[in-house]
Structures are given as C-alpha cells and as structure tokens.
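Shown next: final.cif, containing mmCIF, C-alpha atoms.
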data_final
loop_
_atom_site.label_atom_id
_atom_site.label_comp_id
_atom_site.auth_asym_id
_atom_site.auth_seq_id
_atom_site.Cartn_x
_atom_site.Cartn_y
_atom_site.Cartn_z
CA MET A 1 133.26 125.34 64.60
CA GLN A 2 135.73 127.38 66.56
CA ALA A 3 137.52 126.27 69.69
CA LEU A 4 134.89 126.27 72.37
CA GLY A 5 136.54 128.41 74.96
CA ILE A 6 139.33 126.18 76.19
CA ASP A 7 141.95 128.50 74.68
CA VAL A 8 140.24 131.50 76.28
CA LEU A 9 140.24 129.71 79.57
CA LEU A 10 143.98 129.16 79.44
CA LYS A 11 144.74 132.67 78.25
CA GLY A 12 146.42 134.97 80.78
CA ASN A 13 145.20 134.43 84.30
CA ASN A 14 141.62 133.66 83.32
CA PHE A 15 141.52 130.26 84.95
CA ILE A 16 143.05 131.58 88.16
CA ARG A 17 140.43 134.33 88.25
CA LEU A 18 137.74 131.72 87.79
CA ILE A 19 139.07 129.65 90.68
CA ASP A 20 139.34 132.84 92.70
CA GLY A 21 135.68 133.53 92.01
CA LEU A 22 134.75 130.03 93.10
CA CYS A 23 136.76 130.57 96.28
CA THR A 24 134.72 133.70 97.03
CA ALA A 25 131.55 131.63 96.82
CA LEU A 26 133.09 128.87 98.91
CA ARG A 27 134.27 131.40 101.51
CA ILE A 28 130.78 132.87 101.82
CA SER A 29 129.30 129.42 102.24
CA LEU A 30 131.94 128.31 104.72
CA VAL A 31 131.43 131.33 106.98
CA SER A 32 127.64 130.97 106.74
CA VAL A 33 127.83 127.26 107.45
CA ILE A 34 129.89 127.81 110.60
CA PHE A 35 127.47 130.44 111.89
CA SER A 36 124.45 128.34 110.90
CA ILE A 37 125.74 125.28 112.70
CA VAL A 38 126.43 127.19 115.90
CA PHE A 39 123.14 129.11 115.89
CA GLY A 40 121.24 126.12 114.51
CA ILE A 41 122.25 123.85 117.37
CA VAL A 42 121.13 126.44 119.90
CA PHE A 43 117.92 127.10 117.99
CA GLY A 44 117.21 123.38 117.60
CA ILE A 45 117.60 122.71 121.30
CA VAL A 46 115.46 125.72 122.16
CA MET A 47 112.79 124.36 119.85
CA THR A 48 112.50 121.15 121.84
CA TYR A 49 111.21 123.11 124.86
CA LYS A 50 107.48 122.85 125.25
CA ASN A 51 106.71 126.53 125.48
CA THR A 52 103.90 128.01 123.41
CA VAL A 53 105.67 131.28 122.63
CA ILE A 54 108.84 129.51 121.54
CA ARG A 55 106.74 127.10 119.46
CA VAL A 56 104.87 129.84 117.63
CA VAL A 57 107.92 132.01 117.01
CA SER A 58 110.06 129.15 115.73
CA ARG A 59 107.17 127.84 113.61
CA VAL A 60 106.81 131.24 111.92
CA TYR A 61 110.56 131.55 111.43
CA LEU A 62 110.81 128.08 109.90
CA GLU A 63 107.87 128.72 107.63
CA ILE A 64 109.33 132.01 106.39
CA VAL A 65 112.60 130.31 105.53
CA ARG A 66 110.80 127.35 103.97
CA ILE A 67 108.64 129.51 101.75
CA MET A 68 110.73 132.54 100.77
CA PRO A 69 113.19 131.98 97.94
CA GLN A 70 116.73 132.75 99.06
CA MET A 71 116.96 135.26 96.25
CA VAL A 72 114.07 137.27 97.73
CA LEU A 73 115.78 137.26 101.12
CA LEU A 74 118.98 138.44 99.47
CA PHE A 75 117.14 141.29 97.79
CA ILE A 76 115.40 142.30 100.99
CA VAL A 77 118.62 142.37 102.97
CA PHE A 78 120.75 143.93 100.29
CA PHE A 79 118.40 146.50 98.76
CA GLY A 80 115.77 146.76 101.48
CA THR A 81 118.08 147.65 104.35
CA THR A 82 119.82 150.27 102.27
CA ARG A 83 116.54 151.92 101.41
CA MET A 84 114.88 151.65 104.79
CA PHE A 85 117.69 152.13 107.26
CA GLY A 86 120.31 153.81 105.12
CA LEU A 87 122.70 150.97 105.90
CA ASN A 88 125.14 150.34 103.12
CA LEU A 89 125.82 146.64 103.48
CA ASP A 90 128.65 145.05 101.61
CA ALA A 91 127.18 142.49 99.20
CA GLU A 92 129.26 139.73 100.71
CA LEU A 93 128.15 140.61 104.23
CA ALA A 94 124.53 140.75 103.08
CA SER A 95 124.81 137.28 101.59
CA ILE A 96 126.43 135.89 104.73
CA ILE A 97 123.57 137.34 106.79
CA VAL A 98 120.97 135.79 104.49
CA PHE A 99 122.61 132.39 104.30
CA THR A 100 123.09 132.31 108.05
CA PHE A 101 119.44 133.24 108.55
CA TRP A 102 118.45 130.44 106.18
CA GLY A 103 120.99 127.91 107.41
CA THR A 104 120.12 128.43 111.07
CA ALA A 105 116.52 127.47 110.38
CA GLU A 106 117.51 124.41 108.35
CA MET A 107 120.10 123.32 110.88
CA GLY A 108 117.74 124.00 113.77
CA ASP A 109 115.11 121.81 112.19
CA LEU A 110 117.64 119.00 111.69
CA VAL A 111 118.79 119.30 115.30
CA ARG A 112 115.23 119.29 116.56
CA GLY A 113 114.46 116.20 114.49
CA ALA A 114 117.56 114.41 115.72
CA VAL A 115 117.02 115.36 119.36
CA SER A 116 113.34 114.47 119.44
CA ASN A 117 114.16 111.16 117.81
CA ILE A 118 115.98 110.06 120.96
CA PRO A 119 113.61 107.72 122.80
CA LYS A 120 112.11 109.08 125.99
CA HIS A 121 113.53 106.30 128.12
CA GLN A 122 117.03 107.60 127.49
CA TYR A 123 116.17 110.82 129.28
CA GLU A 124 114.27 109.07 132.01
CA SER A 125 117.01 106.56 132.71
CA SER A 126 119.62 109.28 132.94
CA TYR A 127 117.45 111.34 135.31
CA ALA A 128 116.89 108.22 137.35
CA LEU A 129 120.65 107.79 137.54
CA GLY A 130 120.90 111.25 139.06
CA LEU A 131 122.21 113.23 136.09
CA ASN A 132 120.92 116.77 135.83
CA LYS A 133 119.55 118.32 132.67
CA ALA A 134 122.90 119.63 131.38
CA GLN A 135 124.61 116.34 132.05
CA THR A 136 121.85 114.44 130.33
CA TYR A 137 122.31 116.55 127.21
CA PHE A 138 126.10 116.34 127.26
CA TYR A 139 126.59 112.68 128.00
CA ILE A 140 123.45 111.02 126.69
CA VAL A 141 121.57 113.05 124.10
CA ILE A 142 124.28 114.89 122.16
CA PRO A 143 126.52 111.89 121.38
CA GLN A 144 123.53 110.01 120.01
CA THR A 145 122.22 112.96 118.02
CA LEU A 146 125.57 113.69 116.42
CA ARG A 147 125.60 110.42 114.53
CA ARG A 148 122.29 111.21 112.91
CA LEU A 149 123.09 114.85 112.53
CA ILE A 150 126.52 114.90 110.92
CA PRO A 151 125.58 113.36 107.53
CA LEU A 152 122.54 115.64 107.31
CA SER A 153 124.52 118.76 108.13
CA ILE A 154 127.17 117.84 105.58
CA ASN A 155 124.35 117.78 103.04
CA LEU A 156 123.45 121.26 104.22
CA VAL A 157 126.99 122.34 103.32
CA THR A 158 126.54 121.25 99.70
CA ARG A 159 123.19 123.00 99.53
CA MET A 160 124.81 126.11 100.93
CA ILE A 161 127.55 126.00 98.28
CA LYS A 162 124.98 125.54 95.54
CA THR A 163 122.87 128.40 96.80
CA THR A 164 125.81 130.79 96.99
CA SER A 165 125.78 130.87 93.18
CA LEU A 166 122.87 133.30 93.67
CA VAL A 167 125.08 135.99 95.24
CA MET A 168 126.08 137.00 91.74
CA MET A 169 122.63 138.57 91.44
CA ILE A 170 123.44 141.14 94.12
CA GLY A 171 126.82 141.92 92.65
CA VAL A 172 129.33 139.69 94.40
CA VAL A 173 132.03 138.80 91.91
CA GLU A 174 132.06 135.00 92.10
CA ALA A 175 132.72 132.27 89.54
CA LEU A 176 129.71 132.95 87.34
CA LYS A 177 130.31 136.70 87.26
CA VAL A 178 133.97 136.17 86.40
CA THR A 179 132.89 133.83 83.60
CA GLN A 180 130.60 136.50 82.22
CA GLN A 181 133.42 139.03 82.35
CA ILE A 182 135.79 136.69 80.53
CA ILE A 183 133.19 135.94 77.87
CA GLU A 184 132.47 139.63 77.35
CA ALA A 185 136.16 140.47 77.14
CA ASN A 186 136.71 137.85 74.44
CA ARG A 187 133.46 138.32 72.56
CA MET A 188 135.23 139.44 69.37
CA THR A 189 138.05 136.92 69.26
CA ALA A 190 136.19 133.89 70.59
CA PRO A 191 132.44 134.26 70.15
CA ASN A 192 131.82 130.62 71.04
CA ALA A 193 133.69 130.68 74.33
CA ALA A 194 130.43 130.71 76.32
CA PHE A 195 129.97 126.98 75.85
CA GLY A 196 133.35 125.94 77.18
CA LEU A 197 133.42 128.48 79.98
CA TYR A 198 129.96 127.76 81.34
CA LEU A 199 130.73 124.07 81.08
CA THR A 200 133.88 124.70 83.12
CA VAL A 201 131.95 126.49 85.86
CA PHE A 202 129.43 123.67 85.81
CA ILE A 203 132.21 121.13 86.31
CA LEU A 204 133.92 123.25 88.97
CA TYR A 205 130.75 123.46 91.03
CA PHE A 206 130.25 119.75 90.60
CA LEU A 207 133.79 119.06 91.77
CA ALA A 208 133.24 121.28 94.79
CA CYS A 209 130.01 119.61 95.86
CA TRP A 210 130.34 116.01 94.81
CA PRO A 211 133.06 114.88 97.26
CA ILE A 212 131.09 116.43 100.10
CA SER A 213 127.93 114.57 99.05
CA LEU A 214 129.89 111.34 98.80
CA LEU A 215 131.25 111.87 102.30
CA ALA A 216 127.74 112.48 103.62
CA SER A 217 126.29 109.33 102.09
CA TYR A 218 129.32 107.31 103.22
CA LEU A 219 128.90 108.45 106.82
CA GLU A 220 125.17 107.88 106.65
CA LYS A 221 125.65 104.30 105.53
CA LYS A 222 128.44 103.65 108.01
CA TRP A 223 126.59 104.97 111.03
CA SER A 224 123.13 103.69 110.25
CA ALA A 225 124.29 100.09 110.52
CA MET B 1 111.09 148.24 111.29
CA LEU B 2 107.52 148.89 110.25
CA ARG B 3 107.30 152.15 112.17
CA ARG B 4 110.52 153.30 110.65
CA LEU B 5 109.22 152.30 107.27
CA GLU B 6 106.06 154.29 107.73
CA ARG B 7 107.92 157.31 108.92
CA SER B 8 110.71 157.52 106.40
CA ASP B 9 108.95 156.33 103.33
CA ARG B 10 105.36 155.34 103.77
CA LEU B 11 104.25 152.62 101.40
CA ASN B 12 102.78 154.32 98.41
CA TRP B 13 99.57 152.43 97.66
CA SER B 14 98.97 154.08 94.33
CA VAL B 15 102.32 152.76 93.18
CA ILE B 16 101.39 149.31 94.38
CA GLU B 17 98.11 149.55 92.50
CA LYS B 18 99.95 150.61 89.38
CA TYR B 19 102.40 147.72 89.56
CA LEU B 20 99.77 145.12 90.40
CA PRO B 21 99.01 144.02 86.81
CA LEU B 22 102.72 143.53 86.14
CA TYR B 23 103.09 141.36 89.20
CA GLU B 24 99.96 139.39 88.28
CA LYS B 25 101.37 138.66 84.85
CA ALA B 26 104.66 137.61 86.38
CA THR B 27 102.89 135.37 88.87
CA VAL B 28 101.04 133.59 86.09
CA LEU B 29 104.32 132.98 84.28
CA THR B 30 106.06 131.83 87.47
CA LEU B 31 103.22 129.46 88.26
CA LYS B 32 103.08 128.10 84.72
CA ILE B 33 106.77 127.39 84.45
CA GLY B 34 107.05 126.27 88.04
CA TRP B 35 104.27 123.69 87.85
CA LEU B 36 105.26 122.51 84.38
CA GLY B 37 108.74 121.99 85.77
CA VAL B 38 107.31 120.10 88.75
CA LEU B 39 105.27 117.83 86.45
CA PHE B 40 108.28 117.23 84.27
CA SER B 41 110.45 116.44 87.27
CA VAL B 42 107.89 114.01 88.69
CA ALA B 43 107.86 112.17 85.36
CA ILE B 44 111.66 112.05 85.19
CA GLY B 45 111.93 111.15 88.86
CA LEU B 46 109.46 108.28 88.56
CA ALA B 47 111.14 106.87 85.47
CA VAL B 48 114.63 107.16 86.95
CA SER B 49 113.65 105.66 90.29
CA LEU B 50 112.03 102.67 88.56
CA ILE B 51 115.14 102.19 86.42
CA VAL B 52 117.30 102.20 89.53
CA HIS B 53 114.88 99.95 91.39
CA TYR B 54 114.70 97.28 88.69
CA ARG B 55 118.48 97.53 88.10
CA ILE B 56 118.15 97.83 84.33
CA PRO B 57 121.74 97.60 83.06
CA VAL B 58 123.36 100.60 81.30
CA LEU B 59 120.31 102.79 81.96
CA ARG B 60 120.90 102.33 85.66
CA GLN B 61 124.46 103.65 85.51
CA THR B 62 123.32 106.53 83.32
CA ALA B 63 120.63 107.35 85.84
CA LYS B 64 123.15 107.33 88.69
CA ILE B 65 125.43 109.73 86.82
CA TYR B 66 122.48 111.97 85.98
CA ILE B 67 121.38 112.11 89.61
CA GLU B 68 124.87 112.90 90.89
CA ILE B 69 125.48 115.61 88.32
CA PHE B 70 122.21 117.44 88.80
CA ARG B 71 122.08 117.12 92.57
CA ASN B 72 125.55 118.60 92.89
CA THR B 73 125.30 121.68 90.69
CA PRO B 74 123.25 124.85 91.23
CA LEU B 75 120.23 125.52 89.01
CA LEU B 76 121.62 128.93 88.09
CA ILE B 77 124.73 127.35 86.57
CA GLN B 78 122.65 124.71 84.79
CA LEU B 79 120.44 127.39 83.30
CA PHE B 80 123.40 129.48 82.18
CA PHE B 81 124.88 126.46 80.50
CA ILE B 82 121.61 125.51 78.81
CA TYR B 83 120.63 129.03 77.84
CA PHE B 84 123.96 130.71 77.01
CA GLY B 85 126.31 127.77 76.47
CA LEU B 86 124.38 125.30 74.33
CA PRO B 87 123.44 127.77 71.55
CA LYS B 88 127.15 128.05 70.78
CA ILE B 89 127.15 124.47 69.58
CA GLY B 90 123.91 125.00 67.70
CA VAL B 91 121.33 123.91 70.27
CA SER B 92 119.11 126.80 71.29
CA PHE B 93 115.82 126.96 73.14
CA SER B 94 113.41 129.69 74.15
CA PRO B 95 113.84 131.03 77.71
CA GLU B 96 110.56 129.40 78.78
CA PHE B 97 111.63 126.02 77.49
CA CYS B 98 115.03 126.41 79.14
CA GLY B 99 113.31 127.18 82.43
CA VAL B 100 111.07 124.14 82.29
CA LEU B 101 113.91 121.94 81.09
CA GLY B 102 116.33 123.13 83.79
CA LEU B 103 113.76 122.86 86.54
CA GLY B 104 112.64 119.45 85.31
CA LEU B 105 116.15 118.05 85.14
CA LEU B 106 117.10 119.44 88.54
CA GLY B 107 113.83 118.35 90.12
CA GLY B 108 114.00 114.96 88.41
CA SER B 109 117.20 114.12 90.25
CA TYR B 110 115.71 115.15 93.60
CA MET B 111 112.42 113.37 92.93
CA ALA B 112 114.25 110.22 91.84
CA GLU B 113 116.08 110.07 95.16
CA THR B 114 112.85 110.70 97.04
CA PHE B 115 110.92 107.98 95.22
CA ARG B 116 113.81 105.56 95.44
CA SER B 117 114.08 105.91 99.19
CA GLY B 118 110.28 105.61 99.40
CA ILE B 119 110.35 102.35 97.46
CA GLU B 120 113.24 101.09 99.57
CA ALA B 121 111.34 101.90 102.73
CA VAL B 122 108.65 99.36 101.81
CA ASP B 123 109.31 96.18 103.75
CA LYS B 124 110.60 93.23 101.77
CA ILE B 125 107.96 91.02 103.33
CA GLN B 126 105.35 93.02 101.43
CA TYR B 127 106.82 91.96 98.07
CA GLU B 128 107.16 88.36 99.10
CA THR B 129 103.64 88.17 100.46
CA ALA B 130 102.19 89.74 97.34
CA LEU B 131 104.22 87.47 95.04
CA SER B 132 103.19 84.39 97.00
CA LEU B 133 99.56 85.46 96.62
CA GLY B 134 100.06 85.06 92.89
CA MET B 135 100.36 88.68 91.83
CA SER B 136 102.50 89.53 88.85
CA LYS B 137 105.50 91.78 89.20
CA ALA B 138 103.65 94.75 87.73
CA GLN B 139 100.69 94.16 90.01
CA VAL B 140 102.95 94.04 93.03
CA MET B 141 104.48 97.31 91.98
CA PHE B 142 101.24 99.16 91.32
CA HIS B 143 98.95 97.74 93.98
CA ILE B 144 101.31 97.01 96.85
CA VAL B 145 104.61 98.84 96.63
CA LEU B 146 103.82 102.20 95.04
CA PRO B 147 100.89 103.13 97.29
CA GLN B 148 103.07 102.55 100.34
CA ALA B 149 106.12 104.16 98.78
CA ILE B 150 104.07 107.27 98.00
CA THR B 151 103.06 107.56 101.64
CA TYR B 152 106.62 107.20 102.81
CA SER B 153 107.94 109.77 100.40
CA THR B 154 105.19 112.38 100.77
CA PRO B 155 107.01 114.68 103.23
CA ALA B 156 110.12 114.80 101.04
CA PHE B 157 107.93 115.09 97.94
CA VAL B 158 106.16 118.18 99.28
CA ALA B 159 109.49 119.66 100.34
CA ASN B 160 110.78 119.08 96.81
CA ILE B 161 107.80 120.83 95.23
CA ILE B 162 108.29 123.85 97.49
CA PHE B 163 112.00 123.81 96.74
CA LEU B 164 111.35 123.73 92.98
CA LEU B 165 108.78 126.51 93.07
CA LYS B 166 111.25 128.58 95.09
CA GLU B 167 113.99 127.88 92.59
CA THR B 168 111.92 129.57 89.88
CA SER B 169 113.27 132.85 91.29
CA VAL B 170 116.52 132.03 89.50
CA PHE B 171 114.83 132.32 86.09
CA SER B 172 115.19 136.09 86.12
CA ALA B 173 118.84 135.47 85.20
CA ILE B 174 117.86 134.09 81.79
CA SER B 175 115.54 137.01 81.12
CA LEU B 176 112.27 135.29 81.91
CA MET B 177 109.78 137.88 83.15
CA ASP B 178 109.05 136.13 86.41
CA LEU B 179 108.33 137.75 89.80
CA MET B 180 111.97 138.28 90.64
CA PHE B 181 112.66 139.84 87.24
CA THR B 182 109.67 142.15 87.52
CA ALA B 183 110.68 143.31 90.98
CA LYS B 184 114.28 143.88 89.96
CA ASP B 185 113.20 145.71 86.84
CA LEU B 186 110.78 148.00 88.68
CA ILE B 187 113.31 148.76 91.41
CA GLY B 188 115.82 149.70 88.74
CA LEU B 189 113.35 151.82 86.79
CA TYR B 190 111.45 153.74 89.47
CA TYR B 191 113.44 153.20 92.66
CA LYS B 192 110.37 152.22 94.68
CA THR B 193 112.34 149.59 96.55
CA ALA B 194 110.10 149.13 99.57
CA GLU B 195 106.89 148.75 97.56
CA CYS B 196 108.45 146.37 95.08
CA LEU B 197 109.99 144.17 97.75
CA VAL B 198 106.80 144.04 99.82
CA MET B 199 104.82 143.02 96.74
CA LEU B 200 107.45 140.45 95.87
CA VAL B 201 107.13 138.86 99.29
CA VAL B 202 103.35 138.94 99.19
CA PHE B 203 103.17 137.29 95.78
CA TYR B 204 105.63 134.56 96.71
CA LEU B 205 103.55 133.94 99.83
CA LEU B 206 100.46 133.65 97.64
CA ILE B 207 102.20 131.07 95.48
CA LEU B 208 103.86 129.01 98.18
CA LEU B 209 101.79 129.27 101.34
CA PRO B 210 98.89 127.20 99.89
CA VAL B 211 101.35 124.51 98.78
CA SER B 212 102.92 124.42 102.22
CA VAL B 213 99.56 124.27 104.02
CA ILE B 214 98.01 121.68 101.71
CA GLY B 215 101.22 119.70 101.90
CA SER B 216 101.18 119.47 105.67
CA VAL B 217 97.47 118.53 105.69
CA VAL B 218 98.13 115.74 103.19
CA GLU B 219 101.13 114.57 105.20
CA ARG B 220 99.06 114.37 108.35
CA ARG B 221 96.26 112.46 106.63
CA LEU B 222 98.61 109.99 105.01
CA SER B 223 100.55 109.39 108.19
CA TYR B 224 97.37 107.87 109.70
CA ALA B 225 97.91 104.97 107.39
CA SER B 226 100.80 102.98 108.73
CA PHE B 227 101.72 99.63 107.34
CA GLY B 228 103.32 96.43 108.42
CA ASP B 229 103.83 96.60 112.14
#
Take the structure in the file and give it back as structure tokens.
Amino acid sequence: MQALGIDVLLKGNNFIRLIDGLCTALRISLVSVIFSIVFGIVFGIVMTYKNTVIRVVSRVYLEIVRIMPQMVLLFIVFFGTTRMFGLNLDAELASIIVFTFWGTAEMGDLVRGAVSNIPKHQYESSYALGLNKAQTYFYIVIPQTLRRLIPLSINLVTRMIKTTSLVMMIGVVEALKVTQQIIEANRMTAPNAAFGLYLTVFILYFLACWPISLLASYLEKKWSA
Amino acid sequence: MLRRLERSDRLNWSVIEKYLPLYEKATVLTLKIGWLGVLFSVAIGLAVSLIVHYRIPVLRQTAKIYIEIFRNTPLLIQLFFIYFGLPKIGVSFSPEFCGVLGLGLLGGSYMAETFRSGIEAVDKIQYETALSLGMSKAQVMFHIVLPQAITYSTPAFVANIIFLLKETSVFSAISLMDLMFTAKDLIGLYYKTAECLVMLVVFYLLILLPVSVIGSVVERRLSYASFGD
C-alpha cells in the first residue's frame, strides 16, 4: 500500500491551500452568523407580538426554512436569480445571503423561545414599577434571555460552519474543493491520496467545530445551575 | 417575482410534464434512502443512548467519541470520506449503501443525544417508585422510563427526522440520482432553470411537508400527557 496522501499533503503549499479553503468556509459562516444574530434578534422579538399578520408571515417563513434543504435554497439564489433577474451573484455572496436567510429564522426561533420563556410576572412587576416597554426589555427581559440564548446560538455557529461545506456545490473554492483539486493534480503520482486528504479535511472540520461545541455545553451547564 | 417570471420566461408546462417521471424516480430514491437512514439512525441512537445511560464501561467512552465526531463534522465531508476515501484502503461500498451509512451514522449521533436528554428528563422519583413497587430494571426501563422519555424527546426527534431528510440533498455529491442530482443534471443539460428549480421545491415540499405537519400534530397530542407534577 502506498503512502496515503500525507506526502501529498506536505508537498508544496498544499496544506496552506487547504487551510485557506477552510478559512473561506469559516469566513462565509462568520459573516452569515453575525448577520443572522442581528436580524434574528429583531425577528425573534417581532415574533413575540400578538399580531395575526406577523404570526402568519413568520410561521410561513419558519416553515420554509425548516423544510427546504439549504442546498435547494443555494441553488435557487445562485442559479435562479441569474436566470430570472439577470443578476450575476458572486457564489460567496449568494451563500452568505442563503445562510443569513436560514440563520435568521433559526436565531429568531431561539430568541422567541427564550423571550417567551420569561415568566409573565417579570413583565408585570416591571410595569408595576413604572418601567416602560423599552426599559422592561433592556433591563429585565434581555439579561435573562441572554443566559439561555448564548449556548444555543453558539450551537448555531457550529451548524453554520458544518453547512458551509455545501457551498462547494455552487462553485466556491473551499476546503473540499481544494482537496479535490489536489487529488486530481496528484492522481498519477499518488493514486491513494484521497484517503489521507479526505481524512485531513474531516479532522480539520472537526477541529473547527469541536471547541465551539464544547464551549456551548460548558456555558449551558454553568448557567443552568 | 412571479410576474417577472411569467413575463420573461413563462414556465413551460410541457417541459415540466416531460421531466416529471425523472423527478418521480428521484423522489422514490430520496425517500427510500432517507427513511432507511432515519431507521438506521434511530437504531444506532437508541443503542448508544442506552449504553451512555447504563454507563457500560469502554462502550460508553466509545459512544461519547462517536457522538462528538459525527456531531461536529458535516455530512458532505463524511460522505466524501466514506465514498472516495475508504476505497483507497480497500473498503468500498455502493453509493446507496454509502448514503444510508452516512445518514445513519450522522443521525445516530443526533438521535443518541435526543434520547439521552429525554431519558435524563424523566424524574428520578419515577425510577425509585417503580423499583420500590418491585419492578425489575428492564421493566422500569420499558414500562416507566421509555414511554415518558419518548414524550419528552418527541419535538427534537421530529426535528431530527426533518433534518435528516433534508440532508439527503447532499447525496448528489456522491452521484446518487436523488432530487438534487436530477435537478442539477437537467439544468446543466437543457438550461430550463426556472422549471427545474420550481419542480425541485415542489417535490421537496411533497416529501417534507407531511412529516412536518404530522410531527406537529403528534407533538401536540403527546404534550397533553404530562407526568409527575
């Protein structure tokens, strides 16, 4: 059995390219996460209003995101907009749009859950103490929600990173695409490199996500007590 | 958007009719692999969660490692490793088997966490009461703990099933002729992007909307039953 790709990995700047590809994926997820958190908090608070129109619209939005595979959304935004509107979206921009669309719904749902979990008497007491609606949110509701929310939104970050591996399918050159390129380039000299290289990507993704998951479960345990 | 769509390139229904059989075939494959994967993942999840619950030595640590690894890597990477990587060391499977295996392993780690937290949510007093009534350990598990644990974990369980069925869209990468693959293929061949994408959305809705609706009905019914307090 030949060397399983470790030599290929260390040849030239292959490993650096691989890390570079991973960084592309991480950059897309970071930008999307930031947008999703901002929009998600707004969306989540809007969802707590008892207005029929808001209810129906947000319900439909959530259901679309819950049901449609992210890959389908990527295809619609990337290929659909080009065909229908003549917009030529950059693949990276298209994926940021899709992941923000998806993340906002997820984040919004988390925020709604956390906010509506605050017992009613907290609101009532603060109104009774003369705080107005904005003050109630800022001083009473938000500090309590954050504790519940932060571990859950950190989990959303890992899911975002994992899902960004899909952007390869619309032509973003990220870790998996780079791996394919390296394997193709070395097909003659190292036909068995696929094993080692895919294993490396596997491990890289794991190393990117695992610490974040650990942090989330640590915070969850610490704050639930 | 719709008006624009009608104006610039009206949906061509004859094309849709022509592609319909292809999409139907792909749907059958997606459903088959998706649900097989779900079954497989429920089996793995149940076994792993019981191992963790009963703290069986060695197996328990293995299970923990398994859960961490598969929860923290994307399915696409797992599939690439299983489908393109493993054959290089002499282990090769058919694409279908790879799909079911990948989905089952990924889903197993999610299901295990779901079941475990369901089992943990059952109050300790329930065990003690059942044991003091003279039930055996297995009886406690099957008659007292599991029924309650299932209720507690239903919402997450349904979410997992939807998540897994959605993840089947990744299979197109290992050349399984699923919905995503068919759509991509047809777009590439005939450039009927709008029709193909609309059909793709419709067929995914057909697969997942029933699951979502049935899931929320079941959740509502089960939440009537509350235990303990």
The PyMOL selection byres ((chain A) within 7 of (chain B)) applied to the shown file, residues as a count of residues only: 21
As AutoDock Vina command-line options: centre and edge lengths in Å, one decimal, of the axis-aligned box holding stretch 188-206 of chain A with 6 Å per side:
--center_x 133.7 --center_y 129.6 --center_z 80.1 --size_x 20.6 --size_y 31.7 --size_z 33.8
Quote the spacing between atom CA of A:Val77 and atom CA of B:Val15 in Å to one decimal place.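 Those two atoms sit 21.7 Å apart.
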Excluding A:Val98 and residues on its chain fewer than 3 positions from it, collect all residues at most 9 Å away from it, counting only C-alpha atoms, and give them as JSON, numbers by chain. {"A": [32, 70, 73, 74, 77, 93, 94, 95, 101, 102, 103]}
Report as a list of chain:residue names the residues that result from applying the PyMOL selection byres ((chain B and resi 17-30) around 8) to the structure here. B:Trp13, B:Ser14, B:Val15, B:Ile16, B:Leu31, B:Lys32, B:Ile33, B:Gly34, B:Thr168, B:Met177, B:Asp178, B:Leu179, B:Thr182, B:Met199, B:Phe203, B:Ile207
Output C-alpha atoms for every residue in the selection just made, as a short mmCIF file (atom, residue, chain, number, x, y, z; two decimals), keeping the file's coordinate frame.
data_model
loop_
_atom_site.label_atom_id
_atom_site.label_comp_id
_atom_site.auth_asym_id
_atom_site.auth_seq_id
_atom_site.Cartn_x
_atom_site.Cartn_y
_atom_site.Cartn_z
CA TRP B 13 99.57 152.43 97.66
CA SER B 14 98.97 154.08 94.33
CA VAL B 15 102.32 152.76 93.18
CA ILE B 16 101.39 149.31 94.38
CA LEU B 31 103.22 129.46 88.26
CA LYS B 32 103.08 128.10 84.72
CA ILE B 33 106.77 127.39 84.45
CA GLY B 34 107.05 126.27 88.04
CA THR B 168 111.92 129.57 89.88
CA MET B 177 109.78 137.88 83.15
CA ASP B 178 109.05 136.13 86.41
CA LEU B 179 108.33 137.75 89.80
CA THR B 182 109.67 142.15 87.52
CA MET B 199 104.82 143.02 96.74
CA PHE B 203 103.17 137.29 95.78
CA ILE B 207 102.20 131.07 95.48
#
Distance in Å - atom CA of B:Leu106 versus atom CA of B:Ile161: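 Taking atom CA of B:Leu106 as the start and atom CA of B:Ile161 as the end point, the length is 11.5 Å.
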Give me the residues near A:Leu110 as a list in words, where near means some atom within 9 Å (using only C-alpha atoms) and where sequence neighbours in that chain fewer than 6 positions away do not count. Gly40, Ile41, Gly44, Leu149, Leu152 and Ser153 of chain A
Suppose you want the space between atom CA of A:Ala175 and atom CA of A:Ala25; what is it in Å?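 Result for atom CA of A:Ala175 versus atom CA of A:Ala25: 7.4 Å, one decimal.
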Given the PyMOL selection byres ((chain B and resi 127) around 9), the residues it picks as a list of chain:residue names: B:Val122, B:Asp123, B:Lys124, B:Ile125, B:Gln126, B:Glu128, B:Thr129, B:Ala130, B:Leu131, B:Ser132, B:Lys137, B:Val140, B:Met141, B:Ile144, B:Val145
Check the smallest atom-to-atom distance from each of A:Val72, A:Met168, A:Val157, A:Ala114 to A:Thr24 using all atoms listed in the file, then report the winner.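 Closest residue, counting all atoms listed in the file: A:Met168.
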Kindly extract all protein, DNA and RNA residues lying within 10 Å of the coordinates (117.0, 125.4, 109.3) given in the file, considering only C-alpha atoms, and supply them as number ranges by chain. A: 36-37, 39-41, 43-44, 61-63, 65-66, 100-112, 156
Considering only C-alpha atoms, return as a tab-separated table (two decimals) with C-alpha atoms, in the coordinates of the input whatever protein or nucleic-acid residues lie within 9 Å of stretch 116-133 of chain A, sequence-local ones (same chain, fewer than 5 positions apart) excluded.
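The result, stored in around-v1.tsv:
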chain	number	residue	atom	x	y	z
A	48	THR	CA	112.50	121.15	121.84
A	111	VAL	CA	118.79	119.30	115.30
A	138	PHE	CA	126.10	116.34	127.26
A	140	ILE	CA	123.45	111.02	126.69
A	141	VAL	CA	121.57	113.05	124.10
A	144	GLN	CA	123.53	110.01	120.01
A	145	THR	CA	122.22	112.96	118.02
Given all atoms listed in the file as the counted atoms, nearest of B:Ala63, B:Ile214, B:Leu39, B:Ala149 to B:Leu103: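 Under the stated criterion, the closest residue is B:Leu39.
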I want to know what sits within 9 Å of A:Ile19, based on only C-alpha atoms, with residues of the same chain fewer than 3 positions away left out; could you give that as an MDAnalysis selection string? chainID A and resid 14:16 22:24 174:175 204
If we count all atoms listed in the file and set the cut-off at 9 Å, which residues sit around B:Ser49, ignoring sequence neighbours fewer than 6 positions away in its own chain? Please answer as a PyMOL selection string. chain B and resi 63+111-117+119
